[in-house]
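Okay, run_34.cif now, which holds mmCIF, C-alpha atoms:
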```cif
data_entry
#
loop_
_atom_site.group_PDB
_atom_site.id
_atom_site.type_symbol
_atom_site.label_atom_id
_atom_site.label_comp_id
_atom_site.auth_asym_id
_atom_site.auth_seq_id
_atom_site.Cartn_x
_atom_site.Cartn_y
_atom_site.Cartn_z
ATOM 1 C CA MET A 8 -4.106 8.656 -8.333
ATOM 2 C CA ASN A 9 -1.990 5.521 -7.968
ATOM 3 C CA GLU A 10 -4.422 2.630 -7.397
ATOM 4 C CA THR A 11 -1.537 0.259 -6.653
ATOM 5 C CA ALA A 12 -1.436 1.870 -3.205
ATOM 6 C CA LEU A 13 -4.470 -0.308 -2.417
ATOM 7 C CA PHE A 14 -2.363 -3.440 -2.887
ATOM 8 C CA LYS A 15 -0.607 -2.608 0.394
ATOM 9 C CA LEU A 16 -3.804 -3.118 2.409
ATOM 10 C CA THR A 17 -3.791 -6.303 4.457
ATOM 11 C CA TYR A 18 -6.483 -8.910 3.731
ATOM 12 C CA GLY A 19 -7.126 -12.513 4.613
ATOM 13 C CA VAL A 20 -8.527 -15.282 2.408
ATOM 14 C CA HIS A 21 -11.804 -16.816 3.575
ATOM 15 C CA VAL A 22 -14.598 -19.110 2.428
ATOM 16 C CA ILE A 23 -17.928 -17.360 3.011
ATOM 17 C CA THR A 24 -20.809 -19.842 3.177
ATOM 18 C CA SER A 25 -24.571 -19.664 3.596
ATOM 19 C CA LYS A 26 -27.778 -21.577 2.921
ATOM 20 C CA LYS A 27 -31.204 -21.161 1.345
ATOM 21 C CA GLY A 28 -33.623 -23.799 2.519
ATOM 22 C CA ASP A 29 -31.724 -27.074 2.125
ATOM 23 C CA ARG A 30 -29.358 -25.643 -0.523
ATOM 24 C CA LEU A 31 -25.768 -24.777 0.386
ATOM 25 C CA ASN A 32 -23.272 -22.464 -1.294
ATOM 26 C CA GLY A 33 -20.061 -20.618 -0.645
ATOM 27 C CA GLN A 34 -17.447 -18.372 -2.193
ATOM 28 C CA ILE A 35 -13.984 -16.974 -1.596
ATOM 29 C CA ALA A 36 -13.773 -13.463 -0.157
ATOM 30 C CA ASN A 37 -10.937 -11.397 1.260
ATOM 31 C CA THR A 38 -13.035 -8.623 2.758
ATOM 32 C CA ALA A 39 -14.019 -10.021 6.162
ATOM 33 C CA ILE A 40 -13.177 -7.748 9.088
ATOM 34 C CA GLN A 41 -14.183 -7.346 12.722
ATOM 35 C CA ILE A 42 -16.239 -4.199 13.287
ATOM 36 C CA THR A 43 -17.068 -4.137 17.025
ATOM 37 C CA ASN A 44 -16.478 -6.220 20.165
ATOM 38 C CA ALA A 45 -19.677 -5.613 22.165
ATOM 39 C CA PRO A 46 -21.415 -7.353 20.542
ATOM 40 C CA ILE A 47 -18.741 -8.972 18.387
ATOM 41 C CA THR A 48 -19.597 -8.177 14.792
ATOM 42 C CA ILE A 49 -17.907 -8.937 11.477
ATOM 43 C CA SER A 50 -18.642 -7.539 8.044
ATOM 44 C CA VAL A 51 -18.211 -9.194 4.638
ATOM 45 C CA SER A 52 -18.531 -7.613 1.201
ATOM 46 C CA ILE A 53 -20.385 -9.822 -1.303
ATOM 47 C CA ASN A 54 -21.058 -9.128 -4.975
ATOM 48 C CA LYS A 55 -24.784 -8.811 -5.674
ATOM 49 C CA ASN A 56 -24.499 -11.141 -8.692
ATOM 50 C CA ASN A 57 -23.123 -14.016 -6.615
ATOM 51 C CA LEU A 58 -25.360 -16.864 -5.469
ATOM 52 C CA THR A 59 -23.934 -16.561 -1.957
ATOM 53 C CA HIS A 60 -25.370 -13.035 -1.838
ATOM 54 C CA GLU A 61 -28.837 -14.454 -2.580
ATOM 55 C CA PHE A 62 -28.442 -17.104 0.116
ATOM 56 C CA ILE A 63 -27.322 -14.640 2.810
ATOM 57 C CA LYS A 64 -30.192 -12.292 1.937
ATOM 58 C CA ASP A 65 -32.626 -15.192 2.325
ATOM 59 C CA SER A 66 -31.340 -16.922 5.475
ATOM 60 C CA LYS A 67 -29.749 -13.929 7.235
ATOM 61 C CA LEU A 68 -26.958 -16.303 8.223
ATOM 62 C CA PHE A 69 -23.419 -16.846 7.014
ATOM 63 C CA ALA A 70 -20.145 -18.394 8.124
ATOM 64 C CA VAL A 71 -16.536 -17.360 7.606
ATOM 65 C CA SER A 72 -14.016 -20.207 7.241
ATOM 66 C CA ILE A 73 -10.459 -18.893 7.624
ATOM 67 C CA VAL A 74 -8.140 -20.500 5.062
ATOM 68 C CA ALA A 75 -4.738 -21.834 6.151
ATOM 69 C CA GLN A 76 -1.595 -20.607 4.418
ATOM 70 C CA ASP A 77 -0.748 -24.125 3.230
ATOM 71 C CA ALA A 78 -4.158 -24.687 1.606
ATOM 72 C CA PRO A 79 -3.966 -25.903 -2.010
ATOM 73 C CA LEU A 80 -5.032 -23.606 -4.830
ATOM 74 C CA SER A 81 -7.710 -26.141 -5.708
ATOM 75 C CA LEU A 82 -9.678 -25.023 -2.633
ATOM 76 C CA ILE A 83 -9.574 -21.413 -3.864
ATOM 77 C CA GLY A 84 -10.577 -22.583 -7.318
ATOM 78 C CA GLN A 85 -13.497 -24.648 -6.027
ATOM 79 C CA PHE A 86 -15.098 -21.745 -4.186
ATOM 80 C CA GLY A 87 -13.652 -18.782 -6.083
ATOM 81 C CA PHE A 88 -13.780 -19.643 -9.780
ATOM 82 C CA LYS A 89 -16.883 -21.810 -10.113
ATOM 83 C CA SER A 90 -20.535 -20.796 -10.036
ATOM 84 C CA GLY A 91 -22.882 -22.345 -7.511
ATOM 85 C CA ARG A 92 -25.600 -22.030 -10.154
ATOM 86 C CA GLU A 93 -23.749 -24.546 -12.320
ATOM 87 C CA VAL A 94 -22.024 -26.907 -9.872
ATOM 88 C CA ASN A 95 -22.304 -28.134 -6.298
ATOM 89 C CA LYS A 96 -19.313 -26.427 -4.732
ATOM 90 C CA PHE A 97 -19.345 -28.814 -1.785
ATOM 91 C CA GLU A 98 -18.967 -31.924 -3.931
ATOM 92 C CA GLY A 99 -15.757 -33.644 -2.853
ATOM 93 C CA VAL A 100 -15.207 -31.091 -0.064
ATOM 94 C CA ASN A 101 -15.273 -32.039 3.607
ATOM 95 C CA TYR A 102 -17.617 -29.810 5.569
ATOM 96 C CA LYS A 103 -19.912 -29.730 8.577
ATOM 97 C CA LEU A 104 -23.048 -27.812 9.497
ATOM 98 C CA THR A 105 -23.474 -25.402 12.390
ATOM 99 C CA PRO A 106 -26.476 -25.859 14.722
ATOM 100 C CA ASN A 107 -28.263 -23.347 12.458
ATOM 101 C CA GLY A 108 -27.518 -25.433 9.369
ATOM 102 C CA VAL A 109 -24.839 -23.178 7.875
ATOM 103 C CA PRO A 110 -22.002 -25.124 6.201
ATOM 104 C CA TYR A 111 -18.348 -24.563 6.996
ATOM 105 C CA VAL A 112 -15.315 -26.138 5.356
ATOM 106 C CA THR A 113 -13.168 -28.381 7.571
ATOM 107 C CA ASP A 114 -10.077 -29.176 5.445
ATOM 108 C CA HIS A 115 -7.277 -26.572 5.235
ATOM 109 C CA ILE A 116 -9.262 -24.289 7.536
ATOM 110 C CA LEU A 117 -7.963 -22.849 10.824
ATOM 111 C CA SER A 118 -11.285 -21.774 12.313
ATOM 112 C CA TYR A 119 -14.828 -20.853 11.428
ATOM 113 C CA ILE A 120 -17.152 -18.112 12.639
ATOM 114 C CA GLU A 121 -20.939 -18.212 12.281
ATOM 115 C CA LEU A 122 -22.872 -14.949 12.090
ATOM 116 C CA LYS A 123 -26.429 -13.645 12.064
ATOM 117 C CA VAL A 124 -26.998 -10.612 9.841
ATOM 118 C CA LEU A 125 -27.730 -7.438 11.793
ATOM 119 C CA GLN A 126 -27.450 -4.893 9.006
ATOM 120 C CA GLU A 127 -27.059 -4.650 5.236
ATOM 121 C CA VAL A 128 -25.299 -1.714 3.600
ATOM 122 C CA ASP A 129 -25.742 -1.091 -0.133
ATOM 123 C CA ALA A 130 -22.287 -0.518 -1.650
ATOM 124 C CA GLY A 131 -23.211 -0.359 -5.325
ATOM 125 C CA THR A 132 -22.011 -3.605 -6.935
ATOM 126 C CA HIS A 133 -21.688 -5.227 -3.495
ATOM 127 C CA THR A 134 -23.620 -5.512 -0.250
ATOM 128 C CA LEU A 135 -21.832 -5.129 3.047
ATOM 129 C CA PHE A 136 -23.344 -7.703 5.413
ATOM 130 C CA ILE A 137 -22.677 -6.929 9.081
ATOM 131 C CA GLY A 138 -23.264 -9.927 11.309
ATOM 132 C CA GLU A 139 -23.169 -10.734 15.013
ATOM 133 C CA ILE A 140 -21.206 -13.835 16.001
ATOM 134 C CA VAL A 141 -23.430 -16.693 17.167
ATOM 135 C CA GLY A 142 -20.781 -19.427 17.081
ATOM 136 C CA ALA A 143 -17.073 -19.984 16.499
ATOM 137 C CA GLU A 144 -14.553 -22.824 16.781
ATOM 138 C CA VAL A 145 -10.832 -23.314 16.220
ATOM 139 C CA LEU A 146 -10.272 -26.332 13.958
ATOM 140 C CA LYS A 147 -6.463 -26.407 13.988
ATOM 141 C CA GLU A 148 -3.450 -24.269 14.687
ATOM 142 C CA GLY A 149 -1.518 -22.653 11.860
ATOM 143 C CA THR A 150 -0.857 -19.501 9.888
ATOM 144 C CA PRO A 151 -3.771 -17.914 8.024
ATOM 145 C CA MET A 152 -3.359 -17.234 4.324
ATOM 146 C CA THR A 153 -3.137 -13.552 3.503
ATOM 147 C CA TYR A 154 -4.232 -11.953 0.259
ATOM 148 C CA ALA A 155 -0.636 -10.886 -0.384
ATOM 149 C CA TYR A 156 0.645 -14.465 0.129
ATOM 150 C CA TYR A 157 -2.020 -15.792 -2.232
ATOM 151 C CA HIS A 158 -0.852 -13.425 -4.969
ATOM 152 C CA GLU A 159 2.891 -13.252 -4.373
ATOM 153 C CA VAL A 160 3.647 -16.856 -3.369
ATOM 154 C CA LYS A 161 0.714 -18.904 -4.637
ATOM 155 C CA LYS A 162 0.522 -16.760 -7.808
ATOM 156 C CA GLY A 163 -3.267 -16.777 -7.645
ATOM 157 C CA SER A 164 -5.657 -14.367 -9.340
ATOM 158 C CA VAL A 165 -9.137 -13.038 -8.526
ATOM 159 C CA PRO A 166 -12.467 -13.337 -10.356
ATOM 160 C CA LYS A 167 -14.050 -10.287 -11.958
ATOM 161 C CA THR A 168 -16.734 -10.152 -9.240
ATOM 162 C CA ALA A 169 -14.145 -9.569 -6.503
ATOM 163 C CA PRO A 170 -14.056 -6.042 -5.019
ATOM 164 C CA THR A 171 -10.267 -5.985 -5.475
ATOM 165 C CA TYR A 172 -10.305 -7.079 -9.130
ATOM 166 C CA ASN A 173 -8.035 -4.892 -11.248
ATOM 167 C CA PRO A 174 -7.882 -5.840 -14.956
ATOM 168 C CA LYS A 175 -4.579 -4.030 -15.450
ATOM 169 C CA LYS A 176 -2.961 -5.974 -12.605
ATOM 170 C CA GLU A 177 -4.469 -9.337 -13.578
ATOM 171 C CA GLN A 178 -3.258 -8.977 -17.167
ATOM 172 C CA LYS A 179 0.228 -7.723 -16.364
ATOM 173 C CA PRO A 180 2.638 -9.457 -18.748
ATOM 174 C CA VAL A 181 5.460 -11.565 -17.338
ATOM 175 C CA SER A 182 8.231 -13.458 -19.129
ATOM 176 C CA ASP A 183 8.732 -17.247 -19.222
ATOM 177 C CA LYS A 184 5.387 -17.798 -17.562
ATOM 178 C CA TYR A 185 2.033 -19.070 -18.771
ATOM 179 C CA VAL A 186 -1.384 -17.729 -17.847
ATOM 180 C CA CYS A 187 -4.620 -19.695 -17.650
ATOM 181 C CA ALA A 188 -7.173 -18.146 -20.009
ATOM 182 C CA ILE A 189 -10.002 -19.421 -17.804
ATOM 183 C CA CYS A 190 -9.120 -18.120 -14.341
ATOM 184 C CA GLY A 191 -5.933 -16.065 -14.752
ATOM 185 C CA TYR A 192 -3.634 -18.349 -12.737
ATOM 186 C CA THR A 193 0.024 -17.849 -13.676
ATOM 187 C CA TYR A 194 2.307 -20.874 -13.951
ATOM 188 C CA ASP A 195 5.819 -19.842 -12.953
ATOM 189 C CA PRO A 196 8.542 -22.376 -13.885
ATOM 190 C CA GLU A 197 10.734 -21.151 -11.043
ATOM 191 C CA LEU A 198 8.060 -22.118 -8.527
ATOM 192 C CA GLY A 199 6.568 -25.154 -10.238
ATOM 193 C CA ASP A 200 3.307 -26.483 -8.800
ATOM 194 C CA PRO A 201 4.134 -28.203 -5.487
ATOM 195 C CA ASP A 202 0.464 -28.950 -4.750
ATOM 196 C CA SER A 203 0.410 -31.120 -7.892
ATOM 197 C CA GLY A 204 3.868 -32.629 -7.415
ATOM 198 C CA ILE A 205 5.569 -30.397 -10.005
ATOM 199 C CA ALA A 206 9.060 -29.470 -8.817
ATOM 200 C CA PRO A 207 10.451 -25.915 -9.052
ATOM 201 C CA GLY A 208 12.409 -25.408 -12.250
ATOM 202 C CA THR A 209 9.957 -27.368 -14.429
ATOM 203 C CA ALA A 210 9.326 -25.593 -17.731
ATOM 204 C CA PHE A 211 5.754 -25.355 -18.930
ATOM 205 C CA ALA A 212 6.611 -27.486 -21.968
ATOM 206 C CA ASP A 213 7.856 -30.250 -19.643
ATOM 207 C CA LEU A 214 4.646 -30.469 -17.643
ATOM 208 C CA PRO A 215 2.808 -33.804 -17.991
ATOM 209 C CA GLU A 216 0.109 -33.742 -20.656
ATOM 210 C CA ASP A 217 -2.548 -34.526 -18.049
ATOM 211 C CA TRP A 218 -1.469 -31.596 -15.831
ATOM 212 C CA VAL A 219 -4.303 -29.143 -15.181
ATOM 213 C CA CYS A 220 -4.595 -25.664 -13.720
ATOM 214 C CA PRO A 221 -4.431 -26.047 -9.921
ATOM 215 C CA VAL A 222 -7.107 -23.389 -9.510
ATOM 216 C CA CYS A 223 -9.836 -24.133 -12.045
ATOM 217 C CA GLY A 224 -8.817 -27.488 -13.511
ATOM 218 C CA ALA A 225 -8.325 -26.201 -17.071
ATOM 219 C CA SER A 226 -6.017 -28.249 -19.352
ATOM 220 C CA LYS A 227 -2.650 -27.076 -20.678
ATOM 221 C CA GLU A 228 -4.187 -26.032 -23.999
ATOM 222 C CA ASN A 229 -6.024 -23.264 -22.149
ATOM 223 C CA PHE A 230 -2.744 -21.590 -21.172
ATOM 224 C CA ASP A 231 -1.114 -18.769 -23.131
ATOM 225 C CA LYS A 232 2.428 -17.482 -22.846
ATOM 226 C CA ALA A 233 2.427 -14.324 -20.756
#
```
Whole structure given in structure tokens:
Amino acid sequence: MNETALFKLTYGVHVITSKKGDRLNGQIANTAIQITNAPITISVSINKNNLTHEFIKDSKLFAVSIVAQDAPLSLIGQFGFKSGREVNKFEGVNYKLTPNGVPYVTDHILSYIELKVLQEVDAGTHTLFIGEIVGAEVLKEGTPMTYAYYHEVKKGSVPKTAPTYNPKKEQKPVSDKYVCAICGYTYDPELGDPDSGIAPGTAFADLPEDWVCPVCGASKENFDKA
């Protein structure tokens, strides 16, 4: 079986958020899809070890913020490579609350959808939460970021808790590039790091000493040659 066939599936990139009491949390997920249209339902797949899973189980509410294609990698890093048990993921992030108190991100987001859980499906390491839409708004026009764009253009990686994590793919060696040992982000000299003002063609050795990983904020010393 050739598992790389799965890489051809189309996904989006979303921030899934929820609450537990007055506590807020969120995470990146690519598995958010519409299931039905009467009522309108959407499902998301969330790892059982993630704090967001605990919050959705408790409140029975969650929101899907659809990430714009031009969003910086730092947004993905904030919600995808940090633990809500250790940091406040909303610190320094602009967000608002729905009438039900569910947070949604407002910067670099095209729209948000709020849902009430109708059903939970046990999928082993993950739970499939199926929710009915109770609110939705368009925040701005633009092109949504796809999972393929995130990997092929942004050169992003995925955490081990992601349903699409593939250790062979994440550790694939490449020449003249450097990989972050913390989150797996690959710095490609040909692309540079436009979000941080690093022009294409900048070698890793020529990066400023205070440059950090655009995803997780790790310093240069945490990078290894691929």
Long-range neighbours of Ala75 in chain A as an MDAnalysis selection string, 8 Å cut-off, only C-alpha atoms, 6 positions minimum in chain: chainID A and resid 115:117 149:152
Expansion of the PyMOL selection byres ((chain A and resi 40) around 8) into residues, as a ChimeraX atom specification: /A:38-39,41-42,49-51
Within 10 Å of Ile83 in chain A using all atoms listed in the file, minus same-chain residues under 3 positions, as a ChimeraX atom specification: /A:20-22,34-36,74,78-80,86-89,157,163-165,221-223
Long-range neighbours of Tyr102 in chain A as number ranges by chain, 10 Å cut-off, all atoms listed in the file, 6 positions minimum in chain: A: 110-114
Residues from last step as file, C-alpha atoms, as a PDB file, keeping the file's coordinate frame:
```
ATOM      1  CA  PRO A 110     -22.002 -25.124   6.201  1.00  0.00           C
ATOM      2  CA  TYR A 111     -18.348 -24.563   6.996  1.00  0.00           C
ATOM      3  CA  VAL A 112     -15.315 -26.138   5.356  1.00  0.00           C
ATOM      4  CA  THR A 113     -13.168 -28.381   7.571  1.00  0.00           C
ATOM      5  CA  ASP A 114     -10.077 -29.176   5.445  1.00  0.00           C
TER       6      ASP A 114
END
```
Of the listed residues A:Ile23, A:Cys187, A:Cys220, A:Ile63, that which approaches Asp202 in chain A most closely, counting only C-alpha atoms: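 Looking at the shortest contact to Asp202 in chain A, the residue is A:Cys220.
Separating CA of Tyr192 in chain A from CA of His133 in chain A is a distance of 24.2 Å.
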Hits from the PyMOL selection byres ((chain A and resi 92-94) around 12), listed as a list in words: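 Here the PyMOL selection byres ((chain A and resi 92-94) around 12) matches Arg30, Leu31, Asn32, Gly33, Gln34, Asn56, Asn57, Leu58, Thr59, Glu61, Phe62, Gln85, Phe86, Phe88, Lys89, Ser90, Gly91, Asn95, Lys96, Phe97, Glu98 and Gly99 of chain A.
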A:Trp218, A:Ser66, A:Ile120, A:Cys190 ranked by distance to Ser203 in chain A, top pick (using all atoms listed in the file):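 Closest candidate: A:Trp218.
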Between CA of Ile47 in chain A and CA of Leu135 in chain A, distance in Å (one decimal):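 That distance, rounded to one decimal, is 16.1 Å.
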Radius query 7 Å about (-5.9, -7.1, 2.0), atoms used: only C-alpha atoms, as a VMD selection string: chain A and resid 16 to 19 37 154 to 155
One-decimal distance in Å that lies between CA of Phe69 in chain A and CA of Leu125 in chain A: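 So the answer is 11.4 Å.
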Contacts of Glu228 in chain A within 10 Å, all atoms listed in the file, excl. fewer than 6 positions in-chain, as JSON, numbers by chain: {"A": [187, 188, 216, 219]}
Which of A:Ser118, A:Tyr156, A:Asn54, A:Asp129 sits closest to Lys15 in chain A [using all atoms listed in the file]: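 Checking each of A:Ser118, A:Tyr156, A:Asn54, A:Asp129 against Lys15 in chain A, counting all atoms listed in the file, the winner is A:Tyr156.
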